[in-house]
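Quick notes on the structure that follows.
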Amino acid sequence: MTLSICIPIYNYNVTRLIHELSAQASQLSCPYEIILMDDGSQSFLSDNALLAELPHVQYIELPYNIGRSAIRNKLANTAQYEFLLFMDCDTLPSSPHFIHNYLTAAQNSNADVIMGGYHYSDEKPDSIHLLRWLYGIHREVKSASVRNLHPFRSFSTFNFLIKKKVFEKVTFDESLTEYGHEDTLFGWELKKAHFHLSHIDNPATQINYEESNIFLQKTDSSLKNLWVIYQKIEKKDDFRKDIKILKYQEFLRKTRLLRPASILLSLFSKIFRRNLTSNHPQMFIFDLYKLEVLCRVSLNKI
């Protein structure tokens, strides 16, 4: 087996992550490379550039930001080896055997794509970062056995291994230039192409939490992007099966309640935001907030 570790970077110091990955990879008996690609950052460029001094590490700076889809395609095209391991830049392996676990799973299965999952610290962050942490704890952290019940429903670019030959057939849609759900579309394309996705318990730890206001801004952007993607999909009924919020939107549309629901939810939008940026954000309120945004988007109000 051969392995290319692919890390897209944007305004983040990846020194700790790359030293850990390099230490683990150096114990492997197979050829490997670590490719770092900076997507037009303004910060931490000199710190990250120093990592090219490590064995088997390649550091590439892009002159301008090309976006979350394009940079992952560019990383895959740059990679030379059989398996590609993608991780977000603001993560850390949760196990000292993180890479070994992935390669063992790849050797022992016929999976085309393997996802390791999420881990979050049990330590509660300060209130300004609380919403992102709670969302991760309650919505993203799931055991492999649960994720494997509906494997494509849980696909994320956060932490996954994929065969390079598979990536050559299914790539990220570079027409999606805004933030969010490019991984949802990628997972859908994998599913349509009948590739085998398997989940294992080999998480990476999320170590950077956006401030709640920024997380809500990204949520707005991701829902707009989701609606753009949804319009492109031919088999909408199948696509909705893995995305709960689209099921709710479709129910409201079919029952002619979409506009009334949008008006009603909009009356509470400030209350929703106040709760979600408070010391006690609630996931139920977050779900209502997202539904309010999607209703507005689907009615072409934003």
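Identifiers in this document derive from the order of the structure tokens: chains are assigned A, B, ..., residues are numbered from 1 separately in each chain, and ligands are numbered from 1 in order of occurrence.
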Inset, instruction - Fewer than 3 positions away in the same chain doesn't count, so skip those; otherwise give me all residues within 12 Å of stretch 233-241 of chain A, counting only C-alpha atoms, as a PyMOL selection string. - result: chain A and resi 150+152-153+184-189+191-192+226-230+244-251
Take the residues from that selection and put them in a file with C-alpha atoms, as a CSV table (one decimal), in the first residue's frame.
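Saved result, part_16.csv, follows:
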chain,number,residue,atom,x,y,z
A,150,HIS,CA,-26.9,5.0,6.6
A,152,PHE,CA,-23.7,8.2,2.9
A,153,ARG,CA,-25.8,10.3,5.3
A,184,THR,CA,-22.9,16.2,0.8
A,185,LEU,CA,-22.8,16.4,-3.0
A,186,PHE,CA,-19.6,14.4,-3.2
A,187,GLY,CA,-21.1,11.7,-1.0
A,188,TRP,CA,-24.2,11.7,-3.2
A,189,GLU,CA,-22.0,11.2,-6.3
A,191,LYS,CA,-23.5,6.7,-3.8
A,192,LYS,CA,-24.9,7.1,-7.3
A,226,LEU,CA,-27.6,23.1,-0.2
A,227,TRP,CA,-30.5,24.6,-2.1
A,228,VAL,CA,-28.3,25.4,-5.1
A,229,ILE,CA,-27.2,21.7,-5.1
A,230,TYR,CA,-30.7,20.5,-4.6
A,244,LYS,CA,-33.6,15.7,7.1
A,245,ILE,CA,-34.0,19.4,6.6
A,246,LEU,CA,-34.9,18.9,3.0
A,247,LYS,CA,-37.6,16.4,4.0
A,248,TYR,CA,-39.1,19.0,6.3
A,249,GLN,CA,-39.0,21.7,3.6
A,250,GLU,CA,-40.7,19.3,1.1
A,251,PHE,CA,-43.4,18.4,3.6
Inset, instruction - Compile the contact shell of A:Gln27 as a PyMOL selection string: residues with an atom at most 12 Å away, counting only C-alpha atoms, same-chain residues fewer than 6 positions apart removed. - result: chain A and resi 20-21+96-100
For N, CA and C atoms, I'd like the residues from the last selection saved as a compact mmCIF listing (two decimals), in the first residue's frame.
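Just written: out.txt:
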# COMPACT_ATOMS: atom_id res chain seq x y z
N GLU A 20 2.51 15.48 14.29
CA GLU A 20 1.90 14.22 14.74
C GLU A 20 1.74 13.24 13.59
N LEU A 21 1.23 13.73 12.46
CA LEU A 21 1.05 12.85 11.30
C LEU A 21 2.40 12.34 10.79
N PRO A 96 -2.79 7.46 18.68
CA PRO A 96 -1.42 7.36 18.17
C PRO A 96 -1.28 6.36 17.04
N HIS A 97 -2.34 5.58 16.79
CA HIS A 97 -2.35 4.58 15.71
C HIS A 97 -3.33 4.98 14.60
N PHE A 98 -3.62 6.27 14.53
CA PHE A 98 -4.63 6.79 13.62
C PHE A 98 -4.39 6.35 12.17
N ILE A 99 -3.21 6.59 11.64
CA ILE A 99 -2.92 6.23 10.25
C ILE A 99 -2.90 4.71 10.08
N HIS A 100 -2.27 4.04 11.02
CA HIS A 100 -2.22 2.57 10.97
C HIS A 100 -3.63 1.98 10.95
Inset, instruction - Would you kindly return, as a ChimeraX atom specification, each protein, DNA or RNA residue with an atom no farther than 10 Å from any atom of A:Leu258, considering only C-alpha atoms and excluding same-chain residues fewer than 3 positions away? - result: /A:248-255,261-264,292,295-296,298-299
Kindly save the residues from that selection, with N, CA and C atoms included, as an mmCIF file, in the first residue's frame.
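The resulting file, result.cif, is reproduced below:
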data_model
loop_
_atom_site.group_PDB
_atom_site.id
_atom_site.type_symbol
_atom_site.label_atom_id
_atom_site.label_comp_id
_atom_site.auth_asym_id
_atom_site.auth_seq_id
_atom_site.Cartn_x
_atom_site.Cartn_y
_atom_site.Cartn_z
ATOM 1 N N TYR A 248 -38.214 18.125 5.648
ATOM 2 C CA TYR A 248 -39.148 19.050 6.292
ATOM 3 C C TYR A 248 -39.612 20.120 5.306
ATOM 4 N N GLN A 249 -38.677 20.639 4.538
ATOM 5 C CA GLN A 249 -39.028 21.679 3.560
ATOM 6 C C GLN A 249 -40.009 21.133 2.521
ATOM 7 N N GLU A 250 -39.783 19.909 2.072
ATOM 8 C CA GLU A 250 -40.658 19.305 1.075
ATOM 9 C C GLU A 250 -42.043 19.039 1.651
ATOM 10 N N PHE A 251 -42.098 18.612 2.914
ATOM 11 C CA PHE A 251 -43.396 18.407 3.555
ATOM 12 C C PHE A 251 -44.181 19.719 3.606
ATOM 13 N N LEU A 252 -43.509 20.798 3.990
ATOM 14 C CA LEU A 252 -44.176 22.101 4.052
ATOM 15 C C LEU A 252 -44.629 22.553 2.665
ATOM 16 N N ARG A 253 -43.836 22.282 1.665
ATOM 17 C CA ARG A 253 -44.201 22.669 0.298
ATOM 18 C C ARG A 253 -45.425 21.891 -0.178
ATOM 19 N N LYS A 254 -45.403 20.572 0.034
ATOM 20 C CA LYS A 254 -46.505 19.734 -0.437
ATOM 21 C C LYS A 254 -47.819 20.053 0.275
ATOM 22 N N THR A 255 -47.745 20.451 1.526
ATOM 23 C CA THR A 255 -48.947 20.755 2.304
ATOM 24 C C THR A 255 -49.320 22.238 2.218
ATOM 25 N N ALA A 261 -45.220 28.953 7.188
ATOM 26 C CA ALA A 261 -44.169 28.545 8.120
ATOM 27 C C ALA A 261 -43.004 29.516 8.072
ATOM 28 N N SER A 262 -42.643 29.951 6.878
ATOM 29 C CA SER A 262 -41.542 30.900 6.734
ATOM 30 C C SER A 262 -41.855 32.205 7.460
ATOM 31 N N ILE A 263 -43.095 32.702 7.288
ATOM 32 C CA ILE A 263 -43.497 33.946 7.955
ATOM 33 C C ILE A 263 -43.473 33.780 9.468
ATOM 34 N N LEU A 264 -44.020 32.648 9.950
ATOM 35 C CA LEU A 264 -44.074 32.407 11.391
ATOM 36 C C LEU A 264 -42.668 32.289 11.989
ATOM 37 N N GLU A 292 -35.905 27.931 9.250
ATOM 38 C CA GLU A 292 -36.309 29.290 8.864
ATOM 39 C C GLU A 292 -35.450 29.793 7.707
ATOM 40 N N CYS A 295 -36.387 27.831 4.486
ATOM 41 C CA CYS A 295 -37.679 28.266 3.947
ATOM 42 C C CYS A 295 -37.512 29.559 3.164
ATOM 43 N N ARG A 296 -36.771 30.519 3.712
ATOM 44 C CA ARG A 296 -36.543 31.786 3.003
ATOM 45 C C ARG A 296 -35.795 31.567 1.716
ATOM 46 N N SER A 298 -35.681 28.848 -0.123
ATOM 47 C CA SER A 298 -36.496 28.127 -1.109
ATOM 48 C C SER A 298 -37.609 29.000 -1.678
ATOM 49 N N LEU A 299 -37.977 30.058 -0.952
ATOM 50 C CA LEU A 299 -38.981 31.005 -1.464
ATOM 51 C C LEU A 299 -38.327 32.170 -2.207
#
Legend entry - Interatomic distance, atom CA of A:Val57 to atom CA of A:Ile35 (Å, one decimal):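 A separation of 6.0 Å between them.
You can rank A:Ile18, A:Leu92, A:Met37, A:Leu51 by their closest distance to A:Gln206 using only C-alpha atoms, and at the top of that list sits A:Leu92.
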